[in-house]
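Note: the block below is coords15.cif and it holds mmCIF, C-alpha atoms and all ligand atoms.
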```cif
data_work
#
loop_
_atom_site.label_atom_id
_atom_site.label_comp_id
_atom_site.auth_asym_id
_atom_site.auth_seq_id
_atom_site.Cartn_x
_atom_site.Cartn_y
_atom_site.Cartn_z
CA MET A 115 173.64 96.38 0.16
CA ASN A 116 170.54 98.52 -0.20
CA ALA A 117 170.57 98.63 -3.97
CA PRO A 118 167.09 98.18 -5.42
CA PRO A 119 166.46 94.46 -5.66
CA PHE A 120 166.17 94.29 -9.44
CA ALA A 121 169.61 95.86 -9.80
CA HIS A 122 170.99 92.50 -8.71
CA ALA A 123 172.02 90.47 -11.73
CA LEU A 124 170.82 86.90 -11.50
CA LEU A 125 173.64 84.57 -10.50
CA PRO A 126 174.25 81.60 -12.82
CA LEU A 127 173.19 78.38 -11.13
CA ASP A 128 176.63 76.79 -11.43
CA ASP A 129 178.22 79.81 -9.74
CA ALA A 130 175.74 79.52 -6.91
CA ILE A 131 176.57 75.83 -6.50
CA GLU A 132 180.30 76.69 -6.30
CA ILE A 133 179.78 79.48 -3.78
CA VAL A 134 177.98 77.12 -1.43
CA ALA A 135 180.41 74.24 -1.99
CA ALA A 136 183.37 76.50 -1.18
CA ARG A 137 181.95 77.24 2.28
CA VAL A 138 181.36 73.68 3.40
CA VAL A 139 184.01 72.51 5.85
CA PRO A 140 183.52 68.97 7.18
CA LEU A 141 182.61 68.83 10.86
CA PRO A 142 185.02 67.05 13.23
CA ALA A 143 184.83 63.26 13.39
CA GLU A 144 183.60 61.27 16.37
CA GLN A 145 183.78 57.57 17.21
CA VAL A 146 180.42 55.88 16.73
CA PRO A 147 179.43 52.31 17.64
CA VAL A 148 179.23 50.56 14.28
CA GLU A 149 175.66 49.38 14.81
CA GLU A 150 174.58 53.02 15.11
CA ALA A 151 176.56 54.33 12.16
CA GLY A 152 174.03 53.63 9.40
CA GLY A 153 173.58 56.64 7.13
CA ARG A 154 176.73 58.35 8.35
CA PHE A 155 180.01 59.03 6.55
CA VAL A 156 183.36 57.49 7.39
CA ALA A 157 185.90 60.20 8.21
CA GLN A 158 189.08 58.15 7.65
CA ALA A 159 189.86 54.88 5.90
CA VAL A 160 188.89 52.01 8.21
CA PRO A 161 191.13 48.90 8.27
CA ALA A 162 189.73 45.41 8.69
CA ALA A 163 190.45 44.18 12.22
CA THR A 164 190.39 40.51 11.20
CA ASP A 165 190.78 38.41 8.10
CA LEU A 166 187.42 37.84 6.46
CA PRO A 167 186.43 35.05 6.59
CA PRO A 168 188.30 34.77 9.90
CA PHE A 169 189.01 31.05 9.32
CA THR A 170 188.94 28.68 6.36
CA ASN A 171 185.47 27.16 6.11
CA SER A 172 183.03 25.22 4.00
CA ALA A 173 180.89 26.82 1.29
CA LEU A 174 178.42 23.92 1.41
CA ASP A 175 176.80 21.33 3.60
CA GLY A 176 178.61 18.03 3.06
CA TYR A 177 181.78 16.24 4.15
CA ALA A 178 185.28 17.54 4.62
CA VAL A 179 187.57 15.13 2.76
CA ARG A 180 190.99 14.69 1.24
CA ALA A 181 190.43 15.24 -2.49
CA ASP A 182 192.85 12.42 -3.36
CA ASP A 183 190.57 9.92 -1.56
CA THR A 184 187.66 10.57 -3.92
CA PRO A 185 185.64 8.95 -5.34
CA GLY A 186 185.32 6.16 -2.80
CA ARG A 187 184.30 4.99 0.62
CA LEU A 188 185.37 7.06 3.64
CA VAL A 189 184.99 6.56 7.38
CA VAL A 190 183.19 9.42 9.16
CA VAL A 191 185.31 10.50 12.14
CA GLY A 192 183.38 13.51 13.44
CA GLU A 193 181.44 16.63 12.68
CA SER A 194 182.32 20.30 12.24
CA ALA A 195 179.23 22.47 12.71
CA ALA A 196 178.92 26.28 12.58
CA GLY A 197 180.38 27.55 15.83
CA MET A 198 181.48 24.03 16.88
CA PRO A 199 184.60 23.07 14.94
CA TYR A 200 185.91 19.49 14.81
CA GLU A 201 189.23 19.67 16.59
CA GLY A 202 190.57 16.33 15.33
CA GLU A 203 192.30 15.66 12.04
CA VAL A 204 190.81 14.10 8.92
CA GLY A 205 193.28 11.38 7.98
CA PRO A 206 193.58 9.32 4.78
CA GLY A 207 190.36 7.42 4.08
CA GLU A 208 188.44 9.62 6.51
CA ALA A 209 185.79 12.35 6.32
CA ALA A 210 184.08 14.73 8.76
CA ARG A 211 180.52 15.90 8.37
CA ILE A 212 180.48 19.66 7.87
CA SER A 213 177.92 22.43 7.56
CA THR A 214 178.10 25.67 5.60
CA GLY A 215 180.40 28.16 7.31
CA ALA A 216 181.93 25.60 9.68
CA ALA A 217 185.74 25.45 10.05
CA ILE A 218 187.46 22.90 7.84
CA PRO A 219 189.30 20.37 10.03
CA ASP A 220 193.04 19.84 9.69
CA GLY A 221 193.91 17.29 7.06
CA ALA A 222 190.86 17.97 4.85
CA ASP A 223 191.43 19.92 1.63
CA ALA A 224 188.04 19.82 -0.09
CA ILE A 225 184.33 19.46 0.52
CA ALA A 226 182.20 16.67 -0.93
CA GLN A 227 178.80 18.26 -1.18
CA ILE A 228 175.91 16.37 0.34
CA GLU A 229 174.34 15.70 -3.06
CA ILE A 230 177.22 13.42 -4.17
CA VAL A 231 177.39 11.48 -0.93
CA THR A 232 175.55 8.33 0.18
CA VAL A 233 175.66 7.57 3.87
CA THR A 234 176.31 3.93 4.76
CA ASP A 235 176.86 1.86 7.91
CA ASP A 236 174.32 3.92 9.91
CA GLY A 237 176.30 7.07 9.38
CA GLY A 238 179.66 5.54 10.18
CA ALA A 239 180.85 5.77 6.58
CA ILE A 240 180.05 7.51 3.29
CA GLU A 241 180.38 6.72 -0.36
CA VAL A 242 181.48 9.70 -2.48
CA SER A 243 180.17 9.19 -6.01
CA ARG A 244 182.57 11.39 -7.98
CA GLU A 245 186.01 12.85 -7.82
CA VAL A 246 186.18 16.00 -5.69
CA GLY A 247 188.70 18.61 -6.83
CA PHE A 248 191.39 19.91 -4.50
CA ASP A 249 190.05 23.02 -2.73
CA GLU A 250 186.50 22.41 -3.97
CA ALA A 251 183.90 24.40 -1.97
CA VAL A 252 186.61 25.75 0.35
CA ARG A 253 186.32 29.38 1.46
CA HIS A 254 189.75 30.57 2.53
CA ALA A 255 190.47 32.84 5.49
CA GLY A 256 190.95 36.39 4.15
CA ASP A 257 189.62 35.70 0.66
CA ASP A 258 187.11 38.56 1.10
CA ILE A 259 189.46 41.00 2.82
CA ARG A 260 192.67 40.63 4.83
CA ARG A 261 193.27 42.11 8.23
CA GLY A 262 194.73 45.63 7.84
CA GLU A 263 193.30 46.20 4.38
CA THR A 264 190.83 49.06 4.01
CA VAL A 265 187.27 47.87 4.44
CA LEU A 266 185.67 51.34 4.18
CA GLU A 267 187.27 54.22 2.29
CA ALA A 268 187.12 57.72 3.76
CA GLY A 269 183.95 59.46 2.59
CA THR A 270 181.91 56.27 2.25
CA ARG A 271 178.29 56.54 3.34
CA ILE A 272 177.37 53.61 5.53
CA GLY A 273 174.49 51.70 4.03
CA PRO A 274 173.45 48.15 4.82
CA ALA A 275 176.26 46.49 2.82
CA GLN A 276 178.94 48.77 4.28
CA LEU A 277 177.64 48.12 7.78
CA GLY A 278 177.73 44.37 7.14
CA ALA A 279 181.26 44.58 5.74
CA ALA A 280 182.64 46.61 8.64
CA ILE A 281 181.10 44.40 11.31
CA SER A 282 182.17 41.19 9.54
CA ALA A 283 185.71 42.53 9.36
CA GLY A 284 185.77 42.99 13.12
CA VAL A 285 185.22 46.74 13.36
CA GLY A 286 183.47 47.87 16.54
CA MET A 287 183.68 51.67 16.36
CA LEU A 288 183.71 53.88 13.27
CA PRO A 289 185.12 57.40 12.92
CA CYS A 290 182.19 59.38 11.47
CA GLY A 291 181.70 63.03 10.67
CA ARG A 292 179.50 64.65 13.30
CA ARG A 293 175.86 65.18 12.37
CA PRO A 294 175.17 68.87 11.74
CA SER A 295 172.79 70.65 14.09
CA VAL A 296 170.25 72.49 12.00
CA ALA A 297 167.83 75.19 13.11
CA LEU A 298 164.74 75.18 10.94
CA LEU A 299 162.43 78.15 10.89
CA THR A 300 159.47 78.98 8.73
CA THR A 301 158.27 82.54 8.28
CA GLY A 302 154.92 84.00 7.34
CA SER A 303 151.93 85.44 9.17
CA GLU A 304 149.67 83.25 7.02
CA LEU A 305 151.00 79.94 8.35
CA ARG A 306 148.97 77.49 10.40
CA ALA A 307 149.91 74.15 11.87
CA PRO A 308 148.86 71.01 9.96
CA GLY A 309 145.23 70.01 10.38
CA MET A 310 144.07 73.24 12.10
CA PRO A 311 141.08 75.11 10.65
CA LEU A 312 142.10 77.83 8.21
CA ALA A 313 140.75 81.36 8.22
CA ARG A 314 140.58 83.13 4.87
CA GLY A 315 144.08 84.00 3.70
CA GLN A 316 145.77 81.36 5.78
CA ILE A 317 147.65 78.29 4.53
CA TYR A 318 149.27 75.31 6.16
CA ASP A 319 152.91 75.42 7.09
CA SER A 320 153.86 72.51 4.89
CA ASN A 321 157.45 73.62 4.36
CA GLY A 322 158.34 73.15 8.03
CA PRO A 323 157.48 69.44 8.24
CA MET A 324 158.62 68.88 4.66
CA LEU A 325 162.05 70.29 5.40
CA GLN A 326 162.21 68.57 8.75
CA LEU A 327 161.76 65.20 7.05
CA ALA A 328 164.25 66.04 4.31
CA LEU A 329 166.77 67.23 6.89
CA ALA A 330 166.43 64.10 9.00
CA HIS A 331 166.91 62.01 5.87
CA ALA A 332 170.08 63.97 5.14
CA GLY A 333 171.46 63.15 8.60
CA ALA A 334 170.85 66.46 10.37
CA THR A 335 169.83 66.92 13.99
CA VAL A 336 166.94 69.35 13.66
CA THR A 337 165.67 72.02 16.03
CA ARG A 338 162.36 73.47 14.91
CA ILE A 339 161.97 77.18 15.67
CA PRO A 340 158.28 78.14 15.87
CA ALA A 341 156.96 79.85 12.72
CA ALA A 342 157.76 83.57 12.75
CA VAL A 343 155.09 86.10 11.84
CA ASP A 344 156.14 88.82 9.41
CA THR A 345 157.43 91.38 11.91
CA PRO A 346 161.06 92.36 12.44
CA GLU A 347 160.84 91.45 16.13
CA ALA A 348 159.57 87.94 15.46
CA HIS A 349 162.26 87.42 12.83
CA ARG A 350 164.94 88.80 15.11
CA GLN A 351 163.94 86.45 17.89
CA ALA A 352 163.69 83.42 15.62
CA LEU A 353 166.95 84.05 13.79
CA ALA A 354 168.89 84.89 16.94
CA ALA A 355 167.85 81.52 18.38
CA ALA A 356 168.78 79.79 15.13
CA LEU A 357 172.24 81.19 14.55
CA ASP A 358 174.13 79.16 17.14
CA HIS A 359 173.60 75.97 15.10
CA ASP A 360 175.87 74.57 12.40
CA VAL A 361 173.25 75.37 9.78
CA VAL A 362 170.19 77.61 9.61
CA ILE A 363 167.41 76.86 7.14
CA SER A 364 164.61 79.35 6.75
CA SER A 365 161.57 79.16 4.52
CA GLY A 366 159.89 82.23 3.04
CA GLY A 367 160.63 85.91 3.35
CA VAL A 368 163.63 86.06 1.00
CA SER A 369 161.89 87.64 -1.96
CA VAL A 370 161.40 91.32 -2.75
CA GLY A 371 158.07 91.91 -0.98
CA ALA A 372 157.60 94.44 1.79
CA HIS A 373 157.21 91.59 4.30
CA ASP A 374 160.29 89.65 3.23
CA LEU A 375 162.49 90.23 6.23
CA VAL A 376 164.80 87.24 6.50
CA ARG A 377 167.79 88.74 4.70
CA GLU A 378 167.54 92.14 6.32
CA ILE A 379 167.28 90.76 9.84
CA GLY A 380 169.98 88.21 9.04
CA ARG A 381 172.33 91.01 8.05
CA GLU A 382 171.47 92.89 11.21
CA LEU A 383 172.47 89.79 13.21
CA GLY A 384 175.81 89.47 11.43
CA VAL A 385 175.08 87.13 8.52
CA GLU A 386 177.36 87.81 5.59
CA GLU A 387 175.28 87.25 2.46
CA LEU A 388 177.22 85.44 -0.28
CA LEU A 389 174.51 84.96 -2.84
CA TRP A 390 170.94 85.95 -3.56
CA ARG A 391 168.78 85.57 -6.65
CA ILE A 392 169.85 82.72 -8.85
CA SER A 393 169.18 82.35 -12.53
CA MET A 394 166.87 79.39 -12.09
CA ARG A 395 163.18 78.58 -11.98
CA PRO A 396 161.78 77.83 -9.50
CA GLY A 397 163.92 78.95 -6.60
CA LYS A 398 165.24 82.26 -7.89
CA PRO A 399 165.14 84.05 -4.50
CA VAL A 400 167.33 81.49 -2.68
CA SER A 401 169.85 83.24 -0.45
CA PHE A 402 172.96 81.88 1.20
CA GLY A 403 175.31 83.42 3.71
CA VAL A 404 177.54 82.64 6.65
CA ARG A 405 178.00 83.85 10.17
CA GLY A 406 181.26 82.49 11.46
CA ARG A 407 181.05 78.77 10.76
CA THR A 408 177.26 78.76 10.53
CA LEU A 409 175.82 78.25 7.05
CA VAL A 410 172.59 80.18 6.51
CA PHE A 411 170.25 79.07 3.74
CA GLY A 412 167.21 81.21 2.94
CA LEU A 413 164.80 79.09 0.94
CA PRO A 414 161.81 80.72 -0.76
CA GLY A 415 158.33 80.11 0.59
CA ASN A 416 156.71 78.47 -2.40
CA PRO A 417 156.85 74.78 -1.57
CA VAL A 418 158.32 73.61 -4.87
CA SER A 419 160.96 76.35 -4.69
CA THR A 420 161.77 75.18 -1.18
CA LEU A 421 162.17 71.62 -2.39
CA VAL A 422 164.36 72.61 -5.34
CA GLY A 423 166.55 74.82 -3.16
CA PHE A 424 166.92 72.02 -0.65
CA GLU A 425 167.93 69.41 -3.22
CA LEU A 426 170.31 71.70 -5.09
CA PHE A 427 172.10 73.30 -2.18
CA VAL A 428 171.13 72.10 1.27
CA ARG A 429 171.24 68.32 0.97
CA PRO A 430 174.70 68.21 -0.66
CA ALA A 431 176.04 70.70 1.90
CA LEU A 432 174.68 68.68 4.82
CA LEU A 433 176.19 65.47 3.48
CA ALA A 434 179.53 67.18 2.89
CA LEU A 435 179.50 68.57 6.45
CA GLN A 436 179.23 64.95 7.59
CA GLY A 437 182.13 63.85 5.40
CA SER A 438 180.80 63.08 1.93
CA ARG A 439 183.42 64.11 -0.60
CA GLN A 440 180.89 65.80 -2.90
CA PRO A 441 179.42 69.11 -1.74
CA ARG A 442 177.65 69.63 -5.08
CA ALA A 443 174.34 68.15 -6.16
CA GLU A 444 175.13 64.99 -8.12
CA PHE A 445 173.29 65.20 -11.41
CA ARG A 446 172.68 62.19 -13.62
CA ARG A 447 171.88 62.27 -17.31
CA ALA A 448 168.92 60.96 -19.28
CA SER A 449 166.88 61.81 -22.38
CA LEU A 450 163.70 63.83 -22.48
CA ALA A 451 160.60 61.77 -23.30
CA THR A 452 158.90 64.76 -24.93
CA SER A 453 160.02 68.07 -26.36
CA VAL A 454 160.54 70.88 -23.85
CA ARG A 455 160.51 74.64 -24.41
CA PRO A 456 163.21 76.27 -22.27
CA ASN A 457 162.91 79.49 -20.37
CA SER A 458 164.73 82.26 -22.22
CA ILE A 459 166.56 83.68 -19.20
CA ARG A 460 166.72 81.19 -16.34
CA ASP A 461 167.62 77.52 -16.11
CA ASP A 462 164.46 75.56 -15.45
CA MET A 463 164.41 72.80 -12.86
CA ILE A 464 161.34 71.01 -14.13
CA ARG A 465 159.55 68.22 -12.32
CA VAL A 466 159.68 64.98 -14.29
CA LYS A 467 158.65 61.38 -13.99
CA LEU A 468 161.20 58.70 -14.82
CA THR A 469 159.56 56.44 -17.39
CA PRO A 470 160.19 52.67 -17.40
CA ALA A 471 162.38 53.31 -20.46
CA GLY A 472 164.57 55.62 -18.36
CA THR A 473 163.49 58.84 -20.07
CA LEU A 474 162.26 62.01 -18.39
CA GLU A 475 158.60 62.93 -18.78
CA PRO A 476 157.67 66.42 -17.55
CA VAL A 477 154.62 66.49 -15.28
CA ARG A 478 151.79 68.84 -16.25
CA GLY A 479 151.84 71.80 -13.89
CA GLN A 480 155.21 73.39 -13.36
CA GLN A 481 154.41 76.33 -11.12
CA SER A 482 156.25 76.81 -7.89
CA HIS A 483 153.17 76.55 -5.65
CA GLN A 484 152.09 73.22 -7.19
CA ILE A 485 153.46 70.86 -4.57
CA ALA A 486 150.71 68.27 -5.10
CA ILE A 487 151.81 67.88 -8.72
CA ALA A 488 155.48 67.93 -7.77
CA ALA A 489 154.74 65.13 -5.30
CA ARG A 490 154.02 62.84 -8.27
CA ALA A 491 157.40 63.55 -9.86
CA ASP A 492 160.53 61.44 -9.47
CA ALA A 493 163.19 63.96 -10.37
CA LEU A 494 164.15 67.49 -11.29
CA ALA A 495 165.44 67.89 -14.84
CA ARG A 496 167.68 70.83 -15.60
CA ILE A 497 166.68 72.62 -18.78
CA PRO A 498 169.32 75.23 -19.61
CA ALA A 499 168.03 78.68 -20.50
CA GLY A 500 167.65 79.18 -24.21
CA THR A 501 165.35 79.97 -27.05
CA GLU A 502 165.37 76.73 -29.05
CA GLU A 503 162.90 74.03 -28.19
CA LEU A 504 164.62 70.84 -27.01
CA PRO A 505 163.28 67.88 -29.01
CA ALA A 506 162.34 64.58 -27.41
CA GLY A 507 165.49 62.51 -27.01
CA THR A 508 167.67 65.44 -25.95
CA GLU A 509 169.93 64.39 -23.10
CA VAL A 510 169.74 66.60 -20.02
CA ALA A 511 170.99 66.55 -16.43
CA TYR A 512 168.59 65.51 -13.71
CA LEU A 513 168.54 65.16 -9.97
CA PRO A 514 166.51 62.35 -8.40
CA LEU A 515 164.03 63.53 -5.79
CA HIS A 516 164.84 61.60 -2.66
CA SER A 517 162.19 59.68 -0.88
CA CYS A 518 162.51 58.21 2.58
P1 LIG B 1 157.36 84.13 0.54
O1 LIG B 1 158.63 83.57 -0.02
O2 LIG B 1 157.39 84.32 2.01
O3 LIG B 1 156.94 85.35 -0.20
O4 LIG B 1 156.25 83.04 0.25
C1 LIG B 1 155.95 82.66 -1.08
C2 LIG B 1 154.73 81.78 -1.10
O5 LIG B 1 154.98 80.61 -0.35
C3 LIG B 1 153.51 82.39 -0.47
O6 LIG B 1 152.38 82.00 -1.22
C4 LIG B 1 153.49 81.80 0.89
O7 LIG B 1 152.21 81.79 1.46
C5 LIG B 1 154.00 80.42 0.64
N1 LIG B 1 154.64 79.88 1.83
C6 LIG B 1 155.50 80.55 2.63
N2 LIG B 1 155.89 79.80 3.66
C7 LIG B 1 155.27 78.61 3.51
C8 LIG B 1 155.29 77.41 4.27
N3 LIG B 1 156.00 77.29 5.38
N4 LIG B 1 154.53 76.38 3.83
C9 LIG B 1 153.81 76.50 2.70
N5 LIG B 1 153.78 77.59 1.95
C10 LIG B 1 154.49 78.65 2.34
MG MG B 2 156.30 85.25 3.43
#
```
Before we go any further, please render this structure as C-alpha cells.
Amino acid sequence: MNAPPFAHALLPLDDAIEIVAARVVPLPAEQVPVEEAGGRFVAQAVPAATDLPPFTNSALDGYAVRADDTPGRLVVVGESAAGMPYEGEVGPGEAARISTGAAIPDGADAIAQIEIVTVTDDGGAIEVSREVGFDEAVRHAGDDIRRGETVLEAGTRIGPAQLGAAISAGVGMLPCGRRPSVALLTTGSELRAPGMPLARGQIYDSNGPMLQLALAHAGATVTRIPAAVDTPEAHRQALAAALDHDVVISSGGVSVGAHDLVREIGRELGVEELLWRISMRPGKPVSFGVRGRTLVFGLPGNPVSTLVGFELFVRPALLALQGSRQPRAEFRRASLATSVRPNSIRDDMIRVKLTPAGTLEPVRGQQSHQIAIAARADALARIPAGTEELPAGTEVAYLPLHSC
C-alpha cells in the first residue's frame, strides 16, 4: 500500500472501466407516481393497464358513416364529440358528426372527412362527394398497444415519450430504481466560494458546483460537504460524514503531492481502493474504491480531469445504480476532422467540437486546467496511445459531453 507512487503501473482505461462496472449493484426499486418519474429508470417491465387507444375512435373531424352508403346523401342523427360519445346507432342512410378522437358510434364503420362533405338542410343532412373506404380514418382500440403488453421495458429511462406512453396506457405508478444519495466534497486549502474576492494563490471552487449540476442531471440526490482544507483532520471529518451515502465523490487531493490526502484518509476510514492511476490524459490520478456498498470516486482537482473522470466513470455508475443496464460509458464513433498526434503512453481524452458534417474537431488548448476552452467543446474523443499520427478521417470513439 505504501509503495512509492511511481511504482504503480498505469491501469489501462478499459480495465478501469470494468473494475468500476463490476462494483455497481442496482439500488432497490420503489414505486413512483408516474408524473414524477421523468429521468428515472424502470426496474421491471411495465404492462399496459388498458388498450391504447382505449376505444375505437376517429382520426379526423368529419362524419361517422357506413362506407357502403357513400357517396351520397345521409341524414345526420347526432354528434360524437371528444369526451361525449354518441350513444345511439348510425343506421343505413345515416351519419353522425364526429371530432378527432371521439368514439365511433355503433353501426358506423368509416369516417367521411369534413373536406369531402357538404352540409345541407341546415345541418340535418350531408352530401358525401366520394366513396369512403371501409375502416377509413378509423383508429382501433389497442392498435397502439394492448392491455397487458409491455409498454416500458426494464431498464428504460423515462423521457417525455416514455412518460406519455405509460400514462396513456393507464399506468399510475412506476417501479423505479431508487435515486442514489451522493456526498460531494471538494478538497484544497486554495478554494474559495464563487464570486468571493480571491487572495493571491486562491482559486474558485468550480468543481463543487460543476459536479453538483452534473450529479443532479444524472439523477443523484446530492449532499454537499463543505470544502476541506488540506489537513488530515479536515479530510477525516469530511470523509467520515460522506461515507454513509451510496456514493462519495471527492475532487482534488488524489495525486502524489504532499497535500494529497484523500486516498490515505479514505484507507484509514476503511475504504478499499480498487484502482488508482489510469493510463489516460487527462484524469490519470482518478481513484476508485468501496466501503461496504458505498462507491468512492476520487476525482482529480484539475477541472477538465474532474469532468473527464465524471463522464467516464461516475455518470454511467450513477445511471446503473438507478437501473440502467449499461454501467459503462457509451461511446459513439465518428471521424476526426483534422489529424491528431497521439500520446505515446496514455490514451488521450481530447476535447472536440462536433462539426455540422459530424466529424470531430479538436479544440485548441488541451490542458487539464483549461476548463474555459473545454466549455466550448461538445465531446471527448478517445485517442488511443500510440506513436503514429492519426490522419484526418480516422474513425475514433467519442463520448458526448452532456449539457442540461
Ligand atoms: P489537486 O488534484 O488537489 O492536486 O488539484 C489539482 C489542481 O486542481 C490544482 O491546480 C487545484 O488548485 C485545482 N483544483 C482543485 N480543486 C479544485 C476545485 N474544487 N475547483 C477548481 N479547481 C480545483
Ligand atoms: Mg489539492
Kindly assemble as CSV a list of the stretch 404-486 of chain A residues that lie within 6 Å of stretch 267-275 of chain A, each paired with its nearest atom pair and their distance in Å to one decimal, using only C-alpha atoms, sorted first by chain and then by ascending residue number.
```
residue,atom,partner,partner_atom,distance
A:Gly437,CA,A:Gly269,CA,5.5
A:Ser438,CA,A:Gly269,CA,4.8
A:Arg439,CA,A:Gly269,CA,5.7
```
May I have the selected residues written with C-alpha atoms, as an mmCIF file, in the frame of the given file?
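New file out_0.cif:
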```cif
data_model
loop_
_atom_site.group_PDB
_atom_site.id
_atom_site.type_symbol
_atom_site.label_atom_id
_atom_site.label_comp_id
_atom_site.auth_asym_id
_atom_site.auth_seq_id
_atom_site.Cartn_x
_atom_site.Cartn_y
_atom_site.Cartn_z
ATOM 1 C CA GLY A 437 182.130 63.850 5.400
ATOM 2 C CA SER A 438 180.800 63.080 1.930
ATOM 3 C CA ARG A 439 183.420 64.110 -0.600
#
```
Which residues are near ligand LIG 1 (chain B) - at most 9 Å, using all atoms listed in the file? Format: as a PyMOL selection string.
chain A and resi 299-306+315-324+341+344+364-371+373-375+399+413-420+482-483
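Each of A:Thr345, A:Ser172, A:Gln276, A:Gln351 was compared to ligand MG 2 (chain B) using only C-alpha atoms and all ligand atoms, and A:Thr345 turns out to be the nearest.
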Which protein, DNA or RNA residues are at most 12 Å from (186.8, 49.1, 10.7) in the file's coordinates when you count all atoms listed in the file, listed as an mmCIF file with C-alpha atoms, keeping the file's coordinate frame?
```cif
data_model
loop_
_atom_site.group_PDB
_atom_site.id
_atom_site.type_symbol
_atom_site.label_atom_id
_atom_site.label_comp_id
_atom_site.auth_asym_id
_atom_site.auth_seq_id
_atom_site.Cartn_x
_atom_site.Cartn_y
_atom_site.Cartn_z
ATOM 1 C CA GLN A 145 183.780 57.570 17.210
ATOM 2 C CA VAL A 146 180.420 55.880 16.730
ATOM 3 C CA PRO A 147 179.430 52.310 17.640
ATOM 4 C CA VAL A 148 179.230 50.560 14.280
ATOM 5 C CA GLU A 149 175.660 49.380 14.810
ATOM 6 C CA ALA A 151 176.560 54.330 12.160
ATOM 7 C CA VAL A 156 183.360 57.490 7.390
ATOM 8 C CA ALA A 157 185.900 60.200 8.210
ATOM 9 C CA GLN A 158 189.080 58.150 7.650
ATOM 10 C CA ALA A 159 189.860 54.880 5.900
ATOM 11 C CA VAL A 160 188.890 52.010 8.210
ATOM 12 C CA PRO A 161 191.130 48.900 8.270
ATOM 13 C CA ALA A 162 189.730 45.410 8.690
ATOM 14 C CA ALA A 163 190.450 44.180 12.220
ATOM 15 C CA THR A 164 190.390 40.510 11.200
ATOM 16 C CA ASP A 165 190.780 38.410 8.100
ATOM 17 C CA ILE A 259 189.460 41.000 2.820
ATOM 18 C CA ARG A 260 192.670 40.630 4.830
ATOM 19 C CA ARG A 261 193.270 42.110 8.230
ATOM 20 C CA GLY A 262 194.730 45.630 7.840
ATOM 21 C CA GLU A 263 193.300 46.200 4.380
ATOM 22 C CA THR A 264 190.830 49.060 4.010
ATOM 23 C CA VAL A 265 187.270 47.870 4.440
ATOM 24 C CA LEU A 266 185.670 51.340 4.180
ATOM 25 C CA GLU A 267 187.270 54.220 2.290
ATOM 26 C CA ALA A 268 187.120 57.720 3.760
ATOM 27 C CA ILE A 272 177.370 53.610 5.530
ATOM 28 C CA GLN A 276 178.940 48.770 4.280
ATOM 29 C CA LEU A 277 177.640 48.120 7.780
ATOM 30 C CA GLY A 278 177.730 44.370 7.140
ATOM 31 C CA ALA A 279 181.260 44.580 5.740
ATOM 32 C CA ALA A 280 182.640 46.610 8.640
ATOM 33 C CA ILE A 281 181.100 44.400 11.310
ATOM 34 C CA SER A 282 182.170 41.190 9.540
ATOM 35 C CA ALA A 283 185.710 42.530 9.360
ATOM 36 C CA GLY A 284 185.770 42.990 13.120
ATOM 37 C CA VAL A 285 185.220 46.740 13.360
ATOM 38 C CA GLY A 286 183.470 47.870 16.540
ATOM 39 C CA MET A 287 183.680 51.670 16.360
ATOM 40 C CA LEU A 288 183.710 53.880 13.270
ATOM 41 C CA PRO A 289 185.120 57.400 12.920
ATOM 42 C CA CYS A 290 182.190 59.380 11.470
#
```
Got a sec to check which residues sit within 12 Å of (196.4, 14.7, 17.1), counting all atoms listed in the file, and write them as a PDB file with C-alpha atoms, keeping the file's coordinate frame?
```pdb
ATOM      1  CA  TYR A 200     185.910  19.490  14.810  1.00  0.00           C
ATOM      2  CA  GLU A 201     189.230  19.670  16.590  1.00  0.00           C
ATOM      3  CA  GLY A 202     190.570  16.330  15.330  1.00  0.00           C
ATOM      4  CA  GLU A 203     192.300  15.660  12.040  1.00  0.00           C
ATOM      5  CA  VAL A 204     190.810  14.100   8.920  1.00  0.00           C
ATOM      6  CA  GLY A 205     193.280  11.380   7.980  1.00  0.00           C
ATOM      7  CA  PRO A 219     189.300  20.370  10.030  1.00  0.00           C
ATOM      8  CA  ASP A 220     193.040  19.840   9.690  1.00  0.00           C
ATOM      9  CA  GLY A 221     193.910  17.290   7.060  1.00  0.00           C
TER      10      GLY A 221
END
```
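Picture a line from atom CA of A:Ala511 to atom CA of A:Arg446; it runs 5.5 Å.
The coordinates place atom CA of A:Val428 at 19.7 Å from atom CA of A:Ala352.
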Find the spatial neighbours of A:Val231, counting only C-alpha atoms, within a cut-off of 10 Å - ignore same-chain residues fewer than 4 positions away - and output them as a short mmCIF file (atom, residue, chain, number, x, y, z; two decimals) with C-alpha atoms, keeping the file's coordinate frame.
```
data_model
loop_
_atom_site.label_atom_id
_atom_site.label_comp_id
_atom_site.auth_asym_id
_atom_site.auth_seq_id
_atom_site.Cartn_x
_atom_site.Cartn_y
_atom_site.Cartn_z
CA GLY A 176 178.61 18.03 3.06
CA TYR A 177 181.78 16.24 4.15
CA PRO A 185 185.64 8.95 -5.34
CA GLY A 186 185.32 6.16 -2.80
CA ARG A 187 184.30 4.99 0.62
CA ALA A 226 182.20 16.67 -0.93
CA GLN A 227 178.80 18.26 -1.18
CA ILE A 240 180.05 7.51 3.29
CA GLU A 241 180.38 6.72 -0.36
CA VAL A 242 181.48 9.70 -2.48
CA SER A 243 180.17 9.19 -6.01
CA ARG A 244 182.57 11.39 -7.98
#
```
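Each of A:Val404, A:Val343, A:Val510, A:Ile464 was compared to A:Asp492 using only C-alpha atoms, and A:Ile464 turns out to be the nearest.
The space separating atom CA of A:His516 from atom CA of A:Val362 comes to 20.9 Å.
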Name all residues at most 7 Å from A:Pro167 (count only C-alpha atoms; drop same-chain ones fewer than 6 positions away) and give them as an MDAnalysis selection string.
chainID A and resid 254:258
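Candidate residues A:Ala372, A:Val233, A:Ile339, A:Ala297 were compared for distance to ligand MG 2 (chain B), and the nearest is A:Ala372, using only C-alpha atoms and all ligand atoms.
Proximity of A:Ala342, A:Ala143, A:Ala178, A:Leu188 to ligand MG 2 (chain B), computed with all atoms listed in the file, is greatest for A:Ala342.
Closest approach to A:Ala332 from the set A:Gly500, A:Pro294, A:Pro206, A:Gly380 is made by A:Pro294, with distances taken over all atoms listed in the file.
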